[in-house]
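Q: Got a file for you: protein38.cif, mmCIF, C-alpha atoms.
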```cif
data_run
loop_
_atom_site.label_atom_id
_atom_site.label_comp_id
_atom_site.auth_asym_id
_atom_site.auth_seq_id
_atom_site.Cartn_x
_atom_site.Cartn_y
_atom_site.Cartn_z
CA ASP A 242 -0.93 3.04 4.88
CA GLY A 243 1.39 0.03 5.10
CA LEU A 244 0.64 -0.57 8.78
CA ASN A 245 -3.08 -1.01 8.17
CA THR A 246 -2.51 -3.03 5.00
CA VAL A 247 0.05 -5.52 6.29
CA VAL A 248 -0.75 -5.24 9.96
CA PRO A 249 1.59 -5.84 12.95
CA ALA A 250 -1.50 -7.00 14.78
CA SER A 251 0.09 -7.94 18.11
CA ASP A 252 2.53 -5.02 18.36
CA PRO A 253 1.63 -2.96 21.47
CA VAL A 254 3.12 0.21 19.94
CA TYR A 255 0.81 -0.17 16.95
CA ARG A 256 -2.20 -0.37 19.27
CA SER A 257 -1.16 2.51 21.52
CA SER A 258 -0.36 4.75 18.54
CA ARG A 259 -3.68 4.16 16.81
CA LYS A 260 -6.48 4.46 19.33
CA THR A 261 -9.25 4.39 16.72
CA LEU A 262 -7.48 3.03 13.62
CA ALA A 263 -5.77 -0.08 14.98
CA LEU A 264 -7.40 -3.20 13.56
CA ALA A 265 -8.56 -5.91 15.94
CA GLU A 266 -6.05 -8.72 16.18
CA ASP A 267 -8.68 -11.39 15.64
CA ALA A 268 -9.99 -9.59 12.51
CA VAL A 269 -6.68 -9.48 10.66
CA LEU A 270 -6.09 -12.23 8.06
CA PRO A 271 -2.94 -14.01 9.28
CA LEU A 272 0.16 -14.28 7.09
CA SER A 273 3.28 -15.04 9.11
CA GLU A 274 5.69 -13.58 11.68
CA GLY A 275 2.80 -11.94 13.54
CA PHE A 276 1.63 -9.98 10.50
CA GLY A 277 -1.68 -10.16 8.70
CA LEU A 278 -3.66 -8.54 5.91
CA HIS A 279 -6.44 -6.01 6.29
CA PRO A 280 -9.73 -7.92 6.81
CA SER A 281 -11.05 -6.79 3.42
CA MET A 282 -8.23 -8.50 1.53
CA THR A 283 -9.67 -11.99 1.42
CA GLY A 284 -8.69 -12.52 -2.21
CA LEU A 285 -5.02 -11.72 -1.63
CA LYS A 286 -5.12 -13.93 1.47
CA GLY A 287 -6.24 -16.75 -0.82
CA LEU A 288 -3.32 -16.01 -3.16
CA TRP A 289 -0.96 -16.09 -0.16
CA ASP A 290 -2.34 -19.47 0.89
CA ALA A 291 -1.84 -20.68 -2.70
CA GLY A 292 1.82 -19.55 -2.64
CA LYS A 293 1.33 -16.71 -5.13
CA LEU A 294 1.86 -13.60 -2.99
CA ALA A 295 5.01 -11.99 -1.64
CA VAL A 296 5.14 -9.03 0.74
CA VAL A 297 8.12 -6.67 0.81
CA ARG A 298 8.31 -4.64 4.03
CA GLY A 299 10.12 -1.48 5.01
CA VAL A 300 10.43 -0.24 1.43
CA GLY A 301 11.74 3.29 0.95
CA TYR A 302 14.96 5.23 0.35
CA PRO A 303 17.41 7.46 2.25
CA SER A 304 16.21 10.91 3.35
CA GLN A 305 12.54 10.30 2.58
CA ASN A 306 10.78 13.18 0.88
CA TYR A 307 7.27 13.80 2.21
CA SER A 308 5.90 15.71 -0.78
CA HIS A 309 3.55 13.66 -2.97
CA PHE A 310 4.93 15.18 -6.15
CA LYS A 311 8.63 14.94 -5.33
CA SER A 312 8.42 11.45 -3.86
CA MET A 313 6.34 10.21 -6.81
CA ALA A 314 8.96 11.63 -9.17
CA ILE A 315 11.67 9.77 -7.23
CA TRP A 316 9.88 6.42 -7.49
CA GLN A 317 8.96 7.02 -11.12
CA ALA A 318 12.53 7.86 -12.10
CA GLY A 319 14.03 5.15 -9.91
CA ASP A 320 16.43 7.75 -8.54
CA PRO A 321 16.22 9.78 -5.28
CA LYS A 322 18.54 12.39 -6.82
CA LEU A 323 16.39 12.68 -9.97
CA GLN A 324 19.44 12.62 -12.21
CA LEU A 325 18.41 9.70 -14.42
CA ASP A 326 16.52 10.51 -17.61
CA SER A 327 13.01 9.28 -18.38
CA GLY A 328 11.20 6.67 -16.26
CA TRP A 329 12.63 3.46 -14.87
CA LEU A 330 10.17 1.36 -16.87
CA GLY A 331 10.74 3.46 -19.98
CA ARG A 332 14.49 2.86 -19.74
CA THR A 333 13.87 -0.83 -19.17
CA LEU A 334 11.64 -1.13 -22.24
CA GLU A 335 14.29 0.63 -24.30
CA ALA A 336 16.91 -1.84 -23.05
CA MET A 337 14.96 -4.79 -24.46
CA GLU A 338 16.64 -4.26 -27.82
CA GLY A 339 16.42 -7.89 -28.84
CA GLU A 340 12.63 -7.86 -28.68
CA GLN A 341 10.18 -6.62 -31.26
CA HIS A 342 8.62 -3.37 -30.08
CA ASP A 343 4.97 -4.09 -30.72
CA PRO A 344 2.51 -1.18 -30.43
CA PHE A 345 1.47 -2.39 -26.97
CA PHE A 346 5.00 -3.23 -25.80
CA GLY A 347 4.24 -0.81 -22.97
CA PHE A 348 0.57 -0.14 -22.21
CA ASN A 349 -0.97 2.32 -19.76
CA ILE A 350 -4.53 2.48 -18.50
CA GLY A 351 -5.28 6.18 -18.23
CA THR A 352 -5.30 9.42 -20.17
CA SER A 353 -1.58 10.21 -20.37
CA THR A 354 1.76 8.44 -20.19
CA PRO A 355 2.84 7.90 -16.56
CA ALA A 356 6.26 9.31 -15.71
CA GLU A 357 7.73 5.87 -14.94
CA MET A 358 7.01 4.74 -18.52
CA ARG A 359 8.28 7.83 -20.31
CA SER A 360 10.68 7.10 -23.13
CA SER A 361 12.20 9.10 -25.96
CA LYS A 362 12.15 6.04 -28.21
CA ILE A 363 9.03 4.00 -27.48
CA ALA A 364 5.45 5.20 -27.84
CA ILE A 365 3.29 4.07 -24.93
CA PRO A 366 -0.46 3.90 -25.68
CA SER A 367 -2.63 5.31 -22.89
CA VAL A 368 -6.21 4.07 -23.02
CA GLN A 369 -9.08 4.79 -20.64
CA LYS A 370 -11.67 2.71 -22.50
CA GLY A 371 -10.92 0.36 -25.35
CA GLU A 372 -13.87 1.47 -27.44
CA ASP A 373 -12.65 5.10 -27.29
CA TYR A 374 -9.11 4.36 -28.50
CA GLY A 375 -8.43 5.65 -32.00
CA ILE A 376 -8.24 8.79 -34.12
CA ARG A 377 -11.50 10.70 -33.96
CA VAL A 378 -13.11 12.79 -36.66
CA LYS A 379 -16.20 14.76 -35.58
CA GLY A 380 -16.48 12.66 -32.43
CA GLN A 381 -16.32 9.29 -34.16
CA ILE A 382 -13.43 6.82 -34.48
CA SER A 383 -12.35 7.17 -38.11
CA GLU A 384 -11.15 4.61 -40.62
CA PRO A 385 -7.49 4.79 -41.77
CA THR A 386 -8.64 5.83 -45.24
CA HIS A 387 -10.51 8.90 -44.00
CA ALA A 388 -9.07 12.04 -45.62
CA ARG A 389 -8.48 13.87 -42.35
CA THR A 390 -6.84 10.85 -40.75
CA SER A 391 -4.46 10.27 -43.64
CA THR A 392 -3.58 13.98 -43.68
CA LEU A 393 -2.79 13.90 -39.96
CA LEU A 394 -0.48 10.92 -40.41
CA LYS A 395 1.31 12.66 -43.29
CA LEU A 396 2.04 15.61 -41.00
CA TYR A 397 3.80 13.24 -38.58
CA GLU A 398 5.80 11.79 -41.46
CA GLN A 399 7.17 15.21 -42.44
CA TYR A 400 9.11 15.57 -39.20
CA PRO A 401 12.74 14.42 -39.78
CA SER A 402 13.44 11.15 -37.97
CA THR A 403 16.92 12.40 -37.04
CA SER A 404 15.52 15.42 -35.16
CA PRO A 405 14.83 15.38 -31.38
CA TYR A 406 12.07 12.87 -30.66
CA GLY A 407 11.90 12.13 -34.39
CA ALA A 408 12.07 8.38 -33.88
CA LEU A 409 9.31 8.54 -31.29
CA LEU A 410 7.04 10.61 -33.54
CA GLU A 411 7.69 8.28 -36.47
CA THR A 412 6.82 5.26 -34.33
CA THR A 413 3.71 6.99 -33.02
CA SER A 414 2.42 7.73 -36.50
CA GLU A 415 3.12 4.21 -37.70
CA THR A 416 1.32 2.58 -34.81
CA ALA A 417 -1.57 4.99 -34.25
CA ILE A 418 -3.85 3.18 -36.66
CA SER A 419 -2.54 -0.37 -36.30
CA SER A 420 -2.76 -0.37 -32.49
CA SER A 421 -6.35 0.85 -32.58
CA GLN A 422 -7.28 -2.00 -34.90
CA MET A 423 -5.33 -4.51 -32.79
CA LEU A 424 -7.20 -3.53 -29.64
CA LYS A 425 -10.50 -3.68 -31.50
CA ASP A 426 -9.70 -7.19 -32.76
CA ALA A 427 -8.65 -8.33 -29.28
CA ALA A 428 -11.92 -7.05 -27.82
CA SER A 429 -13.92 -9.04 -30.36
CA THR A 430 -12.40 -12.34 -29.19
CA TYR A 431 -11.90 -11.72 -25.46
CA THR A 432 -14.54 -12.57 -22.89
CA PRO A 433 -13.63 -12.14 -19.21
CA ALA A 434 -13.73 -15.45 -17.38
CA VAL A 435 -14.76 -13.71 -14.15
CA GLU A 436 -16.79 -10.68 -13.18
CA TYR A 437 -14.55 -7.70 -12.48
CA PRO A 438 -15.53 -5.16 -9.80
CA ALA A 439 -17.68 -2.30 -11.08
CA SER A 440 -14.96 0.33 -10.76
CA SER A 441 -12.53 2.11 -13.07
CA PHE A 442 -9.77 0.02 -11.49
CA GLY A 443 -11.64 -3.19 -12.28
CA SER A 444 -12.44 -2.19 -15.86
CA GLY A 445 -8.84 -1.09 -16.39
CA LEU A 446 -7.50 -4.44 -15.22
CA SER A 447 -9.96 -6.16 -17.56
CA LEU A 448 -8.53 -4.10 -20.44
CA LEU A 449 -5.00 -5.16 -19.49
CA ALA A 450 -6.17 -8.78 -19.39
CA GLU A 451 -7.70 -8.29 -22.85
CA ALA A 452 -4.32 -7.16 -24.21
CA ILE A 453 -2.57 -10.13 -22.58
CA VAL A 454 -5.08 -12.73 -23.69
CA GLY A 455 -5.12 -11.19 -27.17
CA ASP A 456 -1.32 -11.59 -27.44
CA LEU A 457 -0.73 -7.94 -28.29
CA GLY A 458 2.94 -8.16 -27.31
CA MET A 459 2.63 -6.30 -24.02
CA ARG A 460 5.64 -6.59 -21.72
CA VAL A 461 4.74 -3.88 -19.19
CA GLY A 462 1.25 -2.72 -18.29
CA HIS A 463 0.41 0.08 -15.87
CA ILE A 464 -2.67 1.13 -13.91
CA THR A 465 -3.23 3.57 -11.04
CA LEU A 466 -5.51 3.43 -8.00
CA GLY A 467 -5.72 6.77 -6.18
CA GLY A 468 -7.29 8.03 -2.97
CA PHE A 469 -4.77 6.91 -0.34
CA ASP A 470 -4.04 10.36 1.12
CA THR A 471 -6.07 9.54 4.22
CA HIS A 472 -5.57 12.54 6.50
CA ASN A 473 -9.17 12.42 7.73
CA GLY A 474 -11.54 9.63 8.72
CA GLN A 475 -9.22 6.96 7.39
CA ALA A 476 -10.98 3.81 8.57
CA GLU A 477 -13.85 3.76 6.08
CA ASP A 478 -11.85 5.19 3.16
CA HIS A 479 -8.98 2.76 3.62
CA GLN A 480 -11.35 -0.18 3.89
CA ALA A 481 -13.02 0.82 0.61
CA LEU A 482 -9.63 1.14 -1.07
CA MET A 483 -8.53 -2.26 0.20
CA GLU A 484 -11.76 -3.79 -1.14
CA THR A 485 -11.16 -2.18 -4.53
CA LEU A 486 -7.52 -3.26 -4.68
CA ASP A 487 -8.23 -6.78 -3.49
CA GLY A 488 -11.26 -7.34 -5.70
CA GLY A 489 -9.54 -6.04 -8.81
CA LEU A 490 -6.26 -7.93 -8.43
CA THR A 491 -8.03 -11.16 -7.45
CA ALA A 492 -10.31 -11.01 -10.49
CA PHE A 493 -7.33 -10.20 -12.72
CA GLN A 494 -5.37 -13.21 -11.46
CA GLN A 495 -8.38 -15.53 -11.82
CA ASP A 496 -9.11 -14.24 -15.33
CA LEU A 497 -5.53 -14.81 -16.48
CA ALA A 498 -5.52 -18.29 -14.96
CA ALA A 499 -8.74 -19.22 -16.78
CA HIS A 500 -7.20 -18.08 -20.08
CA GLY A 501 -3.93 -19.94 -19.49
CA LYS A 502 -1.89 -16.74 -19.07
CA ALA A 503 -1.23 -16.67 -15.32
CA ASP A 504 2.31 -18.02 -15.68
CA ASP A 505 3.22 -15.06 -17.88
CA VAL A 506 2.26 -12.20 -15.57
CA LEU A 507 3.78 -10.59 -12.48
CA VAL A 508 1.88 -7.87 -10.61
CA LEU A 509 3.87 -5.33 -8.59
CA THR A 510 2.32 -2.58 -6.44
CA TRP A 511 3.95 0.64 -5.24
CA SER A 512 3.13 3.88 -3.45
CA GLU A 513 5.28 6.99 -3.05
CA PHE A 514 5.36 6.66 0.76
CA GLY A 515 3.54 5.14 3.71
CA ARG A 516 1.73 6.90 6.55
CA ARG A 517 2.92 8.06 9.95
CA VAL A 518 2.63 5.51 12.76
CA GLU A 519 0.56 7.65 15.14
CA GLU A 520 -2.91 8.65 14.03
CA ASN A 521 -3.70 12.36 13.94
CA GLY A 522 -6.50 14.31 15.60
CA ASN A 523 -8.82 13.76 12.63
CA LYS A 524 -8.80 9.97 12.90
CA GLY A 525 -6.46 9.78 9.94
CA THR A 526 -2.75 9.49 9.28
CA ASP A 527 -0.24 11.94 7.83
CA HIS A 528 2.54 11.49 5.27
CA GLY A 529 5.00 8.84 6.36
CA ALA A 530 8.08 6.99 5.22
CA ALA A 531 8.63 3.26 4.60
CA SER A 532 5.73 1.11 3.49
CA VAL A 533 4.97 -2.23 1.82
CA MET A 534 4.91 -3.56 -1.73
CA PHE A 535 3.09 -6.63 -3.06
CA ALA A 536 4.33 -8.98 -5.77
CA LEU A 537 1.83 -11.56 -6.94
CA GLY A 538 1.61 -14.21 -9.62
CA ASN A 539 2.40 -17.83 -10.34
CA GLY A 540 6.11 -17.03 -10.59
CA VAL A 541 6.36 -15.46 -7.14
CA GLN A 542 8.16 -17.09 -4.23
CA LYS A 543 5.70 -16.69 -1.36
CA GLY A 544 7.02 -15.01 1.76
CA MET A 545 7.78 -11.88 3.77
CA TYR A 546 10.81 -10.00 2.46
CA GLY A 547 12.61 -7.09 4.09
CA ASP A 548 12.90 -6.43 7.80
CA ALA A 549 9.75 -6.02 9.86
CA PRO A 550 9.07 -2.40 10.91
CA ASP A 551 10.42 -1.64 14.39
CA LEU A 552 7.82 0.67 15.85
CA SER A 553 9.98 1.33 18.91
CA ALA A 554 12.76 2.86 16.78
CA LEU A 555 11.03 5.51 14.68
CA VAL A 556 12.65 8.35 12.74
CA ASP A 557 11.66 11.83 11.51
CA ASN A 558 9.08 12.58 14.20
CA GLY A 559 7.38 9.21 14.26
CA ASN A 560 8.01 7.41 10.98
CA VAL A 561 8.94 3.85 10.12
CA PRO A 562 12.57 3.78 8.92
CA TYR A 563 13.21 2.11 5.59
CA THR A 564 15.04 -1.22 5.63
CA THR A 565 14.66 -2.18 1.96
CA ASP A 566 15.65 0.25 -0.79
CA PHE A 567 12.95 0.36 -3.46
CA ARG A 568 15.65 0.05 -6.12
CA SER A 569 16.40 -3.47 -4.89
CA VAL A 570 12.80 -4.35 -5.73
CA TYR A 571 13.14 -2.73 -9.15
CA ALA A 572 16.46 -4.52 -9.77
CA THR A 573 14.84 -7.86 -8.96
CA VAL A 574 12.00 -7.28 -11.41
CA ILE A 575 14.22 -5.86 -14.17
CA GLU A 576 16.64 -8.78 -14.15
CA ARG A 577 14.61 -11.76 -13.00
CA TRP A 578 11.33 -11.00 -14.78
CA LEU A 579 12.04 -8.61 -17.65
CA GLY A 580 15.40 -10.20 -18.37
CA VAL A 581 17.81 -7.29 -18.74
CA PRO A 582 20.74 -6.11 -16.55
CA HIS A 583 19.68 -3.47 -14.05
CA GLU A 584 22.91 -1.67 -13.15
CA ALA A 585 22.97 0.82 -16.04
CA LEU A 586 19.23 1.41 -15.76
CA LEU A 587 19.33 2.25 -12.02
CA GLY A 588 22.72 3.96 -11.89
CA GLN A 589 24.42 1.31 -9.73
CA LYS A 590 24.22 -2.33 -8.71
CA TRP A 591 21.59 -3.32 -6.13
CA ASP A 592 21.09 -6.47 -4.10
CA GLN A 593 18.18 -8.50 -5.45
CA LEU A 594 15.42 -10.05 -3.36
CA GLY A 595 14.19 -13.62 -3.29
CA PHE A 596 10.56 -13.14 -4.26
CA LEU A 597 11.51 -14.10 -7.84
CA GLY A 598 13.71 -17.04 -8.74
CA ALA A 599 17.18 -16.25 -10.07
#
```
Let me see whether you can do it: turn the structure in this file into structure tokens.
A:
Amino acid sequence: DGLNTVVPASDPVYRSSRKTLALAEDAVLPLSEGFGLHPSMTGLKGLWDAGKLAVVRGVGYPSQNYSHFKSMAIWQAGDPKLQLDSGWLGRTLEAMEGEQHDPFFGFNIGTSTPAEMRSSKIAIPSVQKGEDYGIRVKGQISEPTHARTSTLLKLYEQYPSTSPYGALLETTSETAISSSQMLKDAASTYTPAVEYPASSFGSGLSLLAEAIVGDLGMRVGHITLGGFDTHNGQAEDHQALMETLDGGLTAFQQDLAAHGKADDVLVLTWSEFGRRVEENGNKGTDHGAASVMFALGNGVQKGMYGDAPDLSALVDNGNVPYTTDFRSVYATVIERWLGVPHEALLGQKWDQLGFLGA
């Protein structure tokens, strides 16, 4: 819910539309232009004050789709028409041809490859817990020399590399063992400099920090925080989510800074859509349109980007119209952070935003 995350605290339409959900103006953590953060986001407010947080408002795309699954697919592909192959991050990783594709070139925290990182050429490790990552035999992580493990790898090797997905399978077999050992070695030398929140989100961010501090060659990491479909009783649920998001990202940034890695990392958040302006009869909010994105890190140019939501000019039965196409955000990150041209990856040229230096 973008409006209760980056809050138009003094907007009378916001207050009249949300009789129970509107946040008190004096409780909101002030940013600029009359906007402020949810009161639980004290860590991100500190990053804003330190010049390390950018807020992009009104982010969306034409003809917003209100289905979770369809809209997620659109954001993951980087294409509202869903005509581009694979995921936008997968295509970007493939385009980094001049770089060595280390086993953790792309790294996901979870149980399966997220759609935005799908690639026909690059294997993306998905790890829930570092100690569980590896090839198991009878419930135990096996050594590379184990007979069953070596037999499994030989099966991968039999598939012709020129066949469909052959290169991906070959890469997967080559890195299955080495990446497990790399993560194990990184864990033996990494000690978090801060205490992460006791949540799966916090532990996942700690694992990403471990890969970064351990110099495993990661260029793109991915983690998910769910639970934002707040149709009922939103106030308490949204507050808990904001606390989880804020606590995790703040600890992550502090940990990287303590290990001398903060200059190397950009964090970007996204959601498939925002929530409707008016609260519903269940003290929640329904599927909406434009929302906000955060970019944070030492390389960020602090500020508010994109037009402020005009709550007196709503569309589609009470939704915030988009003013910033999400592909402009992607284009900015692809070119100014990951260092490759964006036009071929996103199907056309997009204006870039100023939250990253040219």
Q: Using all atoms listed in the file, list the residues that have an atom at most 9 Å from (-2.6, 8.7, 10.5), coordinates as in the file, as a PyMOL selection string.
A: chain A and resi 242+259+262+471-473+475+516-529
Q: Work out how far apart atom CA of A:Val574 and atom CA of A:Phe348 are and give it in Å to one decimal.
A: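 So the two atoms, atom CA of A:Val574 and atom CA of A:Phe348, lie 17.3 Å apart.
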Q: Name all residues at most 6 Å from A:Ser367 (count only C-alpha atoms; drop same-chain ones fewer than 3 positions away) and give them as a compact mmCIF listing (two decimals) with C-alpha atoms, keeping the file's coordinate frame.
A:
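Result written to part.txt:
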```
# COMPACT_ATOMS: atom_id res chain seq x y z
CA ASN A 349 -0.97 2.32 -19.76
CA ILE A 350 -4.53 2.48 -18.50
CA GLY A 351 -5.28 6.18 -18.23
CA THR A 352 -5.30 9.42 -20.17
CA SER A 353 -1.58 10.21 -20.37
```
Q: With a distance cut-off of 12 Å and only C-alpha atoms, select the neighbouring residues of A:Tyr431, excluding the residue or stretch itself and same-chain residues fewer than 6 positions from it, and output the selection as a list in words.
A: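 In the requested form, the answer reads Leu424, Lys425, Ser447, Leu448, Leu449, Ala450, Glu451, Ala452, Ile453, Val454, Gly455, Asp456, Asp496, Leu497, Ala499 and His500 of chain A.
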Q: Is there a way to get, as a ChimeraX atom specification, all residues within 12 Å of the point (22.5, -12.6, -11.2) in file coordinates, counting only C-alpha atoms?
A: /A:572-578,580-584,590-595,597-599
Q: Neighbours of stretch 306-322 of chain A within 6 Å (only C-alpha atoms; same-chain residues fewer than 4 positions away dropped), as a ChimeraX atom specification?
A: /A:328-329,356-357,513
Q: Rank A:Thr392, A:Gln305, A:Thr283, A:Gln422 by their smallest atom-to-atom distance to A:Tyr374, using only C-alpha atoms, and report the top residue only.
A: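 Nearest to A:Tyr374: A:Gln422.
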Q: Starting from the PyMOL selection byres ((chain A and resi 488) around 9), expand the selection into actual residues of this file and give them as a PyMOL selection string.
A: chain A and resi 282-285+437-438+443+483-487+489-493
Q: Taking the file as I've supplied it (selection: the PyMOL selection byres ((chain A and resi 506) around 8)), which residues are included? Please answer as a list in words.
A: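 Given this file, the PyMOL selection byres ((chain A and resi 506) around 8) evaluates to Lys502, Ala503, Asp504, Asp505, Leu507, Val508, Gly538, Asn539 and Gly540 of chain A.
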Q: Quick one: write out the picked residues with C-alpha atoms as a tab-separated table (two decimals), in the frame of the given file?
A:
```
chain	number	residue	atom	x	y	z
A	502	LYS	CA	-1.89	-16.74	-19.07
A	503	ALA	CA	-1.23	-16.67	-15.32
A	504	ASP	CA	2.31	-18.02	-15.68
A	505	ASP	CA	3.22	-15.06	-17.88
A	507	LEU	CA	3.78	-10.59	-12.48
A	508	VAL	CA	1.88	-7.87	-10.61
A	538	GLY	CA	1.61	-14.21	-9.62
A	539	ASN	CA	2.40	-17.83	-10.34
A	540	GLY	CA	6.11	-17.03	-10.59
```
